[in-house]
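J.: Sharing work.cif below, mmCIF, N, CA and C atoms:
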```
data_target
loop_
_atom_site.label_atom_id
_atom_site.label_comp_id
_atom_site.auth_asym_id
_atom_site.auth_seq_id
_atom_site.Cartn_x
_atom_site.Cartn_y
_atom_site.Cartn_z
N MET C 4 -111.79 -32.06 59.34
CA MET C 4 -110.62 -31.23 59.25
C MET C 4 -110.97 -30.00 58.39
N ILE C 5 -110.42 -28.87 58.75
CA ILE C 5 -110.74 -27.62 58.06
C ILE C 5 -109.46 -26.94 57.58
N LEU C 6 -109.45 -26.58 56.32
CA LEU C 6 -108.38 -25.78 55.76
C LEU C 6 -108.84 -24.33 55.74
N VAL C 7 -108.00 -23.44 56.25
CA VAL C 7 -108.30 -22.02 56.22
C VAL C 7 -107.53 -21.42 55.05
N ASP C 8 -108.25 -20.81 54.14
CA ASP C 8 -107.64 -20.22 52.95
C ASP C 8 -106.85 -18.97 53.31
N SER C 9 -105.90 -18.65 52.46
CA SER C 9 -105.07 -17.47 52.68
C SER C 9 -105.91 -16.19 52.75
N SER C 10 -107.05 -16.14 52.06
CA SER C 10 -107.89 -14.95 52.10
C SER C 10 -108.32 -14.62 53.53
N VAL C 11 -108.54 -15.65 54.34
CA VAL C 11 -108.94 -15.45 55.74
C VAL C 11 -107.71 -15.14 56.59
N TRP C 12 -106.63 -15.89 56.40
CA TRP C 12 -105.41 -15.65 57.18
C TRP C 12 -104.90 -14.23 56.97
N ILE C 13 -104.93 -13.75 55.74
CA ILE C 13 -104.43 -12.40 55.45
C ILE C 13 -105.27 -11.36 56.19
N ASP C 14 -106.59 -11.51 56.13
CA ASP C 14 -107.45 -10.60 56.89
C ASP C 14 -107.16 -10.71 58.39
N TYR C 15 -106.97 -11.93 58.86
CA TYR C 15 -106.70 -12.17 60.28
C TYR C 15 -105.43 -11.44 60.73
N PHE C 16 -104.35 -11.62 59.99
CA PHE C 16 -103.08 -10.99 60.37
C PHE C 16 -103.09 -9.47 60.16
N ASN C 17 -103.96 -8.99 59.27
CA ASN C 17 -104.09 -7.55 59.06
C ASN C 17 -105.05 -6.90 60.06
N GLY C 18 -105.66 -7.72 60.91
CA GLY C 18 -106.57 -7.19 61.92
C GLY C 18 -107.94 -6.81 61.38
N ASN C 19 -108.29 -7.32 60.20
CA ASN C 19 -109.61 -7.05 59.62
C ASN C 19 -110.64 -7.96 60.28
N LYS C 20 -111.67 -7.37 60.80
CA LYS C 20 -112.71 -8.14 61.49
C LYS C 20 -113.79 -8.53 60.48
N THR C 21 -113.91 -9.83 60.24
CA THR C 21 -114.94 -10.37 59.35
C THR C 21 -115.55 -11.58 60.05
N ALA C 22 -116.62 -12.10 59.50
CA ALA C 22 -117.22 -13.31 60.06
C ALA C 22 -116.21 -14.45 60.03
N GLN C 23 -115.41 -14.51 58.96
CA GLN C 23 -114.43 -15.59 58.82
C GLN C 23 -113.29 -15.44 59.83
N THR C 24 -112.79 -14.21 60.04
CA THR C 24 -111.70 -14.04 61.00
C THR C 24 -112.20 -14.25 62.43
N ASP C 25 -113.44 -13.88 62.68
CA ASP C 25 -114.02 -14.16 64.01
C ASP C 25 -114.10 -15.66 64.23
N TRP C 26 -114.54 -16.40 63.20
CA TRP C 26 -114.62 -17.86 63.33
C TRP C 26 -113.23 -18.44 63.57
N LEU C 27 -112.26 -17.97 62.80
CA LEU C 27 -110.90 -18.46 62.95
C LEU C 27 -110.37 -18.17 64.35
N ASP C 28 -110.55 -16.96 64.81
CA ASP C 28 -110.04 -16.56 66.12
C ASP C 28 -110.63 -17.43 67.23
N SER C 29 -111.92 -17.72 67.13
CA SER C 29 -112.55 -18.54 68.18
C SER C 29 -112.23 -20.02 68.03
N SER C 30 -111.75 -20.43 66.86
CA SER C 30 -111.49 -21.85 66.60
C SER C 30 -110.03 -22.26 66.81
N LEU C 31 -109.11 -21.29 66.80
CA LEU C 31 -107.69 -21.65 66.98
C LEU C 31 -107.50 -22.38 68.31
N GLY C 32 -106.93 -23.57 68.23
CA GLY C 32 -106.70 -24.38 69.42
C GLY C 32 -107.89 -25.22 69.83
N ASN C 33 -109.05 -25.00 69.20
CA ASN C 33 -110.26 -25.74 69.58
C ASN C 33 -110.83 -26.61 68.47
N THR C 34 -110.41 -26.33 67.24
CA THR C 34 -110.97 -27.01 66.08
C THR C 34 -109.83 -27.60 65.26
N PRO C 35 -109.99 -28.83 64.75
CA PRO C 35 -108.91 -29.42 63.95
C PRO C 35 -108.72 -28.70 62.61
N LEU C 36 -107.61 -27.99 62.51
CA LEU C 36 -107.26 -27.27 61.29
C LEU C 36 -106.09 -27.96 60.61
N ILE C 37 -105.97 -27.68 59.32
CA ILE C 37 -104.85 -28.17 58.53
C ILE C 37 -104.36 -27.00 57.69
N ILE C 38 -103.09 -26.99 57.39
CA ILE C 38 -102.55 -25.94 56.51
C ILE C 38 -101.63 -26.61 55.49
N GLY C 39 -101.51 -25.98 54.33
CA GLY C 39 -100.68 -26.52 53.28
C GLY C 39 -99.67 -25.51 52.78
N ASP C 40 -98.73 -26.00 52.01
CA ASP C 40 -97.63 -25.18 51.51
C ASP C 40 -98.10 -23.99 50.68
N LEU C 41 -99.11 -24.17 49.86
CA LEU C 41 -99.58 -23.07 49.03
C LEU C 41 -100.16 -21.94 49.87
N VAL C 42 -100.89 -22.29 50.90
CA VAL C 42 -101.48 -21.29 51.79
C VAL C 42 -100.39 -20.57 52.57
N ILE C 43 -99.44 -21.33 53.09
CA ILE C 43 -98.33 -20.71 53.83
C ILE C 43 -97.60 -19.70 52.94
N THR C 44 -97.33 -20.07 51.71
CA THR C 44 -96.62 -19.16 50.79
C THR C 44 -97.45 -17.91 50.54
N GLU C 45 -98.72 -18.07 50.22
CA GLU C 45 -99.56 -16.91 49.93
C GLU C 45 -99.64 -15.96 51.12
N VAL C 46 -99.72 -16.51 52.32
CA VAL C 46 -99.85 -15.66 53.51
C VAL C 46 -98.54 -14.97 53.83
N LEU C 47 -97.46 -15.72 53.90
CA LEU C 47 -96.20 -15.15 54.38
C LEU C 47 -95.53 -14.21 53.39
N GLN C 48 -95.79 -14.36 52.11
CA GLN C 48 -95.13 -13.51 51.13
C GLN C 48 -95.53 -12.04 51.24
N GLY C 49 -96.64 -11.75 51.89
CA GLY C 49 -97.12 -10.38 51.96
C GLY C 49 -96.59 -9.54 53.11
N PHE C 50 -95.85 -10.13 54.03
CA PHE C 50 -95.39 -9.39 55.20
C PHE C 50 -94.23 -8.47 54.85
N GLN C 51 -94.33 -7.22 55.27
CA GLN C 51 -93.26 -6.25 55.07
C GLN C 51 -92.24 -6.34 56.21
N SER C 52 -92.73 -6.50 57.42
CA SER C 52 -91.89 -6.49 58.62
C SER C 52 -91.36 -7.89 58.92
N ASP C 53 -90.06 -7.98 59.20
CA ASP C 53 -89.48 -9.27 59.58
C ASP C 53 -90.10 -9.79 60.87
N LYS C 54 -90.37 -8.90 61.79
CA LYS C 54 -90.96 -9.29 63.08
C LYS C 54 -92.35 -9.91 62.86
N ASP C 55 -93.19 -9.24 62.07
CA ASP C 55 -94.53 -9.77 61.80
C ASP C 55 -94.46 -11.08 61.02
N PHE C 56 -93.52 -11.18 60.08
CA PHE C 56 -93.32 -12.41 59.33
C PHE C 56 -93.04 -13.57 60.29
N LYS C 57 -92.13 -13.36 61.23
CA LYS C 57 -91.74 -14.42 62.17
C LYS C 57 -92.89 -14.81 63.08
N ILE C 58 -93.66 -13.84 63.54
CA ILE C 58 -94.82 -14.14 64.40
C ILE C 58 -95.83 -14.99 63.63
N ALA C 59 -96.14 -14.58 62.40
CA ALA C 59 -97.09 -15.32 61.58
C ALA C 59 -96.56 -16.71 61.24
N ARG C 60 -95.28 -16.78 60.85
CA ARG C 60 -94.67 -18.07 60.52
C ARG C 60 -94.77 -19.03 61.70
N ASP C 61 -94.45 -18.55 62.89
CA ASP C 61 -94.49 -19.41 64.07
C ASP C 61 -95.91 -19.91 64.35
N LEU C 62 -96.90 -19.04 64.18
CA LEU C 62 -98.28 -19.46 64.39
C LEU C 62 -98.67 -20.52 63.36
N LEU C 63 -98.36 -20.26 62.09
CA LEU C 63 -98.74 -21.19 61.02
C LEU C 63 -98.01 -22.52 61.15
N LEU C 64 -96.77 -22.51 61.61
CA LEU C 64 -96.03 -23.76 61.78
C LEU C 64 -96.56 -24.61 62.92
N GLY C 65 -97.41 -24.04 63.76
CA GLY C 65 -98.03 -24.79 64.84
C GLY C 65 -99.28 -25.55 64.41
N ILE C 66 -99.68 -25.37 63.16
CA ILE C 66 -100.88 -26.03 62.64
C ILE C 66 -100.44 -27.27 61.86
N PRO C 67 -101.14 -28.39 62.03
CA PRO C 67 -100.78 -29.59 61.25
C PRO C 67 -100.69 -29.28 59.76
N PHE C 68 -99.68 -29.86 59.11
CA PHE C 68 -99.32 -29.52 57.74
C PHE C 68 -99.51 -30.72 56.80
N MET C 69 -99.94 -30.41 55.57
CA MET C 69 -99.96 -31.38 54.48
C MET C 69 -99.50 -30.68 53.20
N PRO C 70 -98.63 -31.33 52.41
CA PRO C 70 -98.30 -30.76 51.10
C PRO C 70 -99.55 -30.80 50.21
N MET C 71 -99.70 -29.80 49.38
CA MET C 71 -100.92 -29.66 48.60
C MET C 71 -100.75 -30.00 47.12
N GLY C 72 -99.58 -30.37 46.70
CA GLY C 72 -99.34 -30.60 45.29
C GLY C 72 -99.24 -32.06 44.92
N GLY C 73 -98.46 -32.30 43.92
CA GLY C 73 -98.25 -33.66 43.43
C GLY C 73 -98.93 -33.88 42.10
N GLN C 74 -98.48 -34.89 41.41
CA GLN C 74 -98.95 -35.18 40.06
C GLN C 74 -100.45 -35.46 40.01
N ALA C 75 -100.94 -36.32 40.89
CA ALA C 75 -102.35 -36.70 40.86
C ALA C 75 -103.25 -35.50 41.13
N LEU C 76 -102.88 -34.68 42.11
CA LEU C 76 -103.70 -33.52 42.43
C LEU C 76 -103.62 -32.47 41.31
N ALA C 77 -102.47 -32.37 40.66
CA ALA C 77 -102.34 -31.44 39.54
C ALA C 77 -103.29 -31.83 38.41
N ILE C 78 -103.36 -33.11 38.10
CA ILE C 78 -104.26 -33.57 37.04
C ILE C 78 -105.71 -33.39 37.46
N GLU C 79 -106.03 -33.74 38.71
CA GLU C 79 -107.39 -33.57 39.22
C GLU C 79 -107.80 -32.09 39.18
N SER C 80 -106.87 -31.20 39.51
CA SER C 80 -107.16 -29.76 39.48
C SER C 80 -107.41 -29.29 38.04
N ALA C 81 -106.62 -29.78 37.11
CA ALA C 81 -106.82 -29.42 35.70
C ALA C 81 -108.18 -29.91 35.21
N ILE C 82 -108.56 -31.11 35.60
CA ILE C 82 -109.87 -31.65 35.22
C ILE C 82 -110.98 -30.77 35.80
N ASN C 83 -110.83 -30.36 37.07
CA ASN C 83 -111.84 -29.51 37.69
C ASN C 83 -111.91 -28.14 37.00
N TYR C 84 -110.76 -27.57 36.67
CA TYR C 84 -110.72 -26.28 35.97
C TYR C 84 -111.45 -26.39 34.63
N ARG C 85 -111.14 -27.43 33.87
CA ARG C 85 -111.77 -27.64 32.57
C ARG C 85 -113.28 -27.84 32.70
N PHE C 86 -113.68 -28.59 33.73
CA PHE C 86 -115.11 -28.83 33.98
C PHE C 86 -115.82 -27.49 34.24
N LEU C 87 -115.22 -26.65 35.07
CA LEU C 87 -115.82 -25.36 35.37
C LEU C 87 -115.88 -24.47 34.12
N ARG C 88 -114.84 -24.52 33.30
CA ARG C 88 -114.85 -23.74 32.05
C ARG C 88 -116.00 -24.17 31.15
N LYS C 89 -116.25 -25.48 31.09
CA LYS C 89 -117.36 -25.98 30.27
C LYS C 89 -118.70 -25.52 30.82
N LYS C 90 -118.75 -25.21 32.12
CA LYS C 90 -119.97 -24.69 32.75
C LYS C 90 -120.05 -23.16 32.59
N GLY C 91 -119.05 -22.57 31.93
CA GLY C 91 -119.05 -21.14 31.71
C GLY C 91 -118.39 -20.34 32.82
N VAL C 92 -117.66 -21.02 33.69
CA VAL C 92 -117.01 -20.37 34.83
C VAL C 92 -115.50 -20.39 34.61
N THR C 93 -114.88 -19.22 34.72
CA THR C 93 -113.43 -19.14 34.69
C THR C 93 -112.95 -18.70 36.06
N VAL C 94 -112.24 -19.57 36.74
CA VAL C 94 -111.66 -19.23 38.03
C VAL C 94 -110.46 -18.34 37.78
N ARG C 95 -110.38 -17.22 38.50
CA ARG C 95 -109.34 -16.22 38.25
C ARG C 95 -107.95 -16.71 38.59
N LYS C 96 -107.81 -17.53 39.62
CA LYS C 96 -106.47 -17.94 40.07
C LYS C 96 -106.38 -19.46 40.09
N THR C 97 -105.43 -19.98 39.36
CA THR C 97 -105.21 -21.43 39.32
C THR C 97 -104.97 -21.99 40.71
N ILE C 98 -104.26 -21.23 41.55
CA ILE C 98 -103.96 -21.72 42.90
C ILE C 98 -105.24 -22.00 43.68
N ASP C 99 -106.31 -21.23 43.41
CA ASP C 99 -107.58 -21.48 44.09
C ASP C 99 -108.20 -22.81 43.64
N VAL C 100 -108.04 -23.14 42.38
CA VAL C 100 -108.54 -24.44 41.90
C VAL C 100 -107.78 -25.57 42.58
N ILE C 101 -106.48 -25.39 42.76
CA ILE C 101 -105.67 -26.41 43.44
C ILE C 101 -106.11 -26.54 44.89
N ILE C 102 -106.29 -25.42 45.58
CA ILE C 102 -106.72 -25.45 46.98
C ILE C 102 -108.10 -26.09 47.11
N GLY C 103 -109.02 -25.69 46.26
CA GLY C 103 -110.36 -26.29 46.29
C GLY C 103 -110.34 -27.78 46.00
N THR C 104 -109.56 -28.17 45.00
CA THR C 104 -109.45 -29.59 44.64
C THR C 104 -108.81 -30.37 45.78
N PHE C 105 -107.80 -29.81 46.42
CA PHE C 105 -107.16 -30.44 47.58
C PHE C 105 -108.21 -30.73 48.66
N CYS C 106 -109.04 -29.75 48.95
CA CYS C 106 -110.08 -29.95 49.97
C CYS C 106 -111.09 -31.01 49.55
N ILE C 107 -111.53 -30.96 48.30
CA ILE C 107 -112.49 -31.96 47.81
C ILE C 107 -111.87 -33.35 47.89
N HIS C 108 -110.65 -33.48 47.41
CA HIS C 108 -109.95 -34.77 47.38
C HIS C 108 -109.82 -35.39 48.77
N HIS C 109 -109.49 -34.57 49.74
CA HIS C 109 -109.26 -35.07 51.10
C HIS C 109 -110.49 -34.96 52.00
N GLN C 110 -111.59 -34.50 51.43
CA GLN C 110 -112.85 -34.31 52.16
C GLN C 110 -112.67 -33.38 53.36
N PHE C 111 -111.92 -32.28 53.13
CA PHE C 111 -111.76 -31.23 54.12
C PHE C 111 -112.76 -30.12 53.81
N SER C 112 -113.19 -29.44 54.84
CA SER C 112 -113.99 -28.23 54.64
C SER C 112 -113.04 -27.05 54.48
N LEU C 113 -113.54 -25.99 53.85
CA LEU C 113 -112.72 -24.82 53.58
C LEU C 113 -113.38 -23.59 54.20
N LEU C 114 -112.58 -22.82 54.92
CA LEU C 114 -113.01 -21.51 55.40
C LEU C 114 -112.33 -20.49 54.49
N HIS C 115 -113.11 -19.67 53.81
CA HIS C 115 -112.54 -18.74 52.84
C HIS C 115 -113.33 -17.45 52.79
N ASP C 116 -112.76 -16.47 52.11
CA ASP C 116 -113.44 -15.22 51.79
C ASP C 116 -113.00 -14.82 50.39
N ASP C 117 -113.31 -15.68 49.42
CA ASP C 117 -112.85 -15.50 48.05
C ASP C 117 -113.89 -16.09 47.11
N ARG C 118 -114.44 -15.26 46.25
CA ARG C 118 -115.53 -15.70 45.37
C ARG C 118 -115.11 -16.79 44.37
N ASP C 119 -113.81 -16.98 44.16
CA ASP C 119 -113.37 -18.03 43.25
C ASP C 119 -113.80 -19.42 43.71
N PHE C 120 -114.08 -19.58 44.98
CA PHE C 120 -114.48 -20.90 45.47
C PHE C 120 -115.97 -21.18 45.29
N ASP C 121 -116.77 -20.14 45.05
CA ASP C 121 -118.22 -20.33 44.94
C ASP C 121 -118.63 -21.34 43.86
N PRO C 122 -118.07 -21.29 42.65
CA PRO C 122 -118.46 -22.30 41.66
C PRO C 122 -117.99 -23.71 42.03
N MET C 123 -116.93 -23.80 42.81
CA MET C 123 -116.47 -25.12 43.24
C MET C 123 -117.45 -25.73 44.24
N VAL C 124 -118.09 -24.87 45.02
CA VAL C 124 -119.15 -25.33 45.92
C VAL C 124 -120.34 -25.79 45.09
N GLN C 125 -120.74 -24.95 44.15
CA GLN C 125 -121.93 -25.21 43.34
C GLN C 125 -121.79 -26.43 42.44
N PHE C 126 -120.65 -26.56 41.74
CA PHE C 126 -120.53 -27.58 40.71
C PHE C 126 -119.66 -28.78 41.09
N LEU C 127 -118.77 -28.62 42.09
CA LEU C 127 -117.84 -29.71 42.40
C LEU C 127 -118.04 -30.30 43.80
N GLY C 128 -118.94 -29.73 44.59
CA GLY C 128 -119.22 -30.28 45.91
C GLY C 128 -118.23 -29.88 46.99
N LEU C 129 -117.50 -28.79 46.78
CA LEU C 129 -116.59 -28.30 47.81
C LEU C 129 -117.40 -27.94 49.05
N GLU C 130 -116.98 -28.47 50.18
CA GLU C 130 -117.64 -28.18 51.46
C GLU C 130 -116.98 -26.96 52.08
N ILE C 131 -117.80 -26.01 52.52
CA ILE C 131 -117.25 -24.82 53.15
C ILE C 131 -117.80 -24.66 54.56
N ILE C 132 -117.11 -23.84 55.32
CA ILE C 132 -117.57 -23.50 56.64
C ILE C 132 -118.44 -22.27 56.49
N GLY C 133 -119.71 -22.41 56.87
CA GLY C 133 -120.62 -21.26 56.84
C GLY C 133 -120.40 -20.41 58.07
N THR C 134 -120.27 -19.14 57.85
CA THR C 134 -120.04 -18.24 58.98
C THR C 134 -121.25 -17.40 59.26
#
```
For this file, produce the structure as structure tokens.
T.:
Amino acid sequence: MILVDSSVWIDYFNGNKTAQTDWLDSSLGNTPLIIGDLVITEVLQGFQSDKDFKIARDLLLGIPFMPMGGQALAIESAINYRFLRKKGVTVRKTIDVIIGTFCIHHQFSLLHDDRDFDPMVQFLGLEIIGT
């Protein structure tokens, strides 16, 4: 199962052509994807147009969903954040630690375009989709 990070979805909906958006475009409907509440929020909050918001919402609602929070995952994310800090790495966005921890916990791969995930690959074993 593959979680697509908001960094890729945002580029996708903005029409930015990257290796990650190309992978996503060719994988929609062909590859088992999963989406979570945090990603949906990050993606949909940026739309200015109601029409574009509804189109994106409808597409995202067609992808199998899992909630990404909860007490156990919150604690696991805090442990991972602290571990990375001890390694000298400060992740810029807490939400990225939660998303990365969610993927590690559920053994999902992550498609992303955000450098905050790089130390999670290096030190925590986060599996990513190579493009």
J.: Take atom C of Ile98 in chain C and atom N of Asp55 in chain C and report the distance between them in Å, one decimal.
T.: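 We find that atom C of Ile98 in chain C and atom N of Asp55 in chain C lie 25.4 Å from each other.
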J.: Pick out the residues sitting within 6.5 Å of range 114-121 of chain C, and hand them over as a list of chain:residue names; count only N, CA and C atoms, and ignore anything fewer than 6 positions along from it in its own chain.
T.: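 The neighbour list is C:Ile5, C:Leu6, C:Val7, C:Asp8, C:Ser10, C:Val11, C:Gln23, C:Val94, C:Arg95, C:Ile131, C:Ile132.
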J.: May I ask which of the residues C:Gly133, C:Leu36, C:Asn17, C:Thr93 is the closest one to Ile66 in chain C, counting only N, CA and C atoms?
T.: C:Leu36
J.: Could you please determine the separation between atom C of Arg88 in chain C and atom C of Glu130 in chain C in Å, to one decimal place?
T.: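 Taking atom C of Arg88 in chain C as the start and atom C of Glu130 in chain C as the end point, the length is 21.1 Å.
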J.: State, in Å with one decimal place, the distance from atom C of Ile78 in chain C to atom N of Ile43 in chain C.
T.: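 For atom C of Ile78 in chain C relative to atom N of Ile43 in chain C, the distance reads 20.7 Å.
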J.: Excluding Leu127 in chain C and any residue of its chain fewer than 4 positions from it, enumerate the residues within 8 Å of it, using all atoms listed in the file, and give them as a ChimeraX atom specification.
T.: /C:83,107,121-123
J.: For a quick check of understanding, using only C-alpha atoms, which of C:Gln125, C:Gln110, C:Ser80, C:Thr24 has the smallest distance to Thr97 in chain C?
T.: C:Ser80
J.: Please identify which residues in chain C DSSP calls strand (DSSP E or B) from the backbone, and express them as a PyMOL selection string.
T.: chain C and resi 5-7+36-39+68-69+112-114+131
J.: Take the residues from that selection and put them in a file with N, CA and C atoms, as a PDB file, keeping the file's coordinate frame.
T.:
```pdb
ATOM      1  N   ILE C   5    -110.420 -28.870  58.750  1.00  0.00           N
ATOM      2  CA  ILE C   5    -110.740 -27.620  58.060  1.00  0.00           C
ATOM      3  C   ILE C   5    -109.460 -26.940  57.580  1.00  0.00           C
ATOM      4  N   LEU C   6    -109.450 -26.580  56.320  1.00  0.00           N
ATOM      5  CA  LEU C   6    -108.380 -25.780  55.760  1.00  0.00           C
ATOM      6  C   LEU C   6    -108.840 -24.330  55.740  1.00  0.00           C
ATOM      7  N   VAL C   7    -108.000 -23.440  56.250  1.00  0.00           N
ATOM      8  CA  VAL C   7    -108.300 -22.020  56.220  1.00  0.00           C
ATOM      9  C   VAL C   7    -107.530 -21.420  55.050  1.00  0.00           C
ATOM     10  N   LEU C  36    -107.610 -27.990  62.510  1.00  0.00           N
ATOM     11  CA  LEU C  36    -107.260 -27.270  61.290  1.00  0.00           C
ATOM     12  C   LEU C  36    -106.090 -27.960  60.610  1.00  0.00           C
ATOM     13  N   ILE C  37    -105.970 -27.680  59.320  1.00  0.00           N
ATOM     14  CA  ILE C  37    -104.850 -28.170  58.530  1.00  0.00           C
ATOM     15  C   ILE C  37    -104.360 -27.000  57.690  1.00  0.00           C
ATOM     16  N   ILE C  38    -103.090 -26.990  57.390  1.00  0.00           N
ATOM     17  CA  ILE C  38    -102.550 -25.940  56.510  1.00  0.00           C
ATOM     18  C   ILE C  38    -101.630 -26.610  55.490  1.00  0.00           C
ATOM     19  N   GLY C  39    -101.510 -25.980  54.330  1.00  0.00           N
ATOM     20  CA  GLY C  39    -100.680 -26.520  53.280  1.00  0.00           C
ATOM     21  C   GLY C  39     -99.670 -25.510  52.780  1.00  0.00           C
ATOM     22  N   PHE C  68     -99.680 -29.860  59.110  1.00  0.00           N
ATOM     23  CA  PHE C  68     -99.320 -29.520  57.740  1.00  0.00           C
ATOM     24  C   PHE C  68     -99.510 -30.720  56.800  1.00  0.00           C
ATOM     25  N   MET C  69     -99.940 -30.410  55.570  1.00  0.00           N
ATOM     26  CA  MET C  69     -99.960 -31.380  54.480  1.00  0.00           C
ATOM     27  C   MET C  69     -99.500 -30.680  53.200  1.00  0.00           C
ATOM     28  N   SER C 112    -113.190 -29.440  54.840  1.00  0.00           N
ATOM     29  CA  SER C 112    -113.990 -28.230  54.640  1.00  0.00           C
ATOM     30  C   SER C 112    -113.040 -27.050  54.480  1.00  0.00           C
ATOM     31  N   LEU C 113    -113.540 -25.990  53.850  1.00  0.00           N
ATOM     32  CA  LEU C 113    -112.720 -24.820  53.580  1.00  0.00           C
ATOM     33  C   LEU C 113    -113.380 -23.590  54.200  1.00  0.00           C
ATOM     34  N   LEU C 114    -112.580 -22.820  54.920  1.00  0.00           N
ATOM     35  CA  LEU C 114    -113.010 -21.510  55.400  1.00  0.00           C
ATOM     36  C   LEU C 114    -112.330 -20.490  54.490  1.00  0.00           C
ATOM     37  N   ILE C 131    -117.800 -26.010  52.520  1.00  0.00           N
ATOM     38  CA  ILE C 131    -117.250 -24.820  53.150  1.00  0.00           C
ATOM     39  C   ILE C 131    -117.800 -24.660  54.560  1.00  0.00           C
TER      40      ILE C 131
END
```
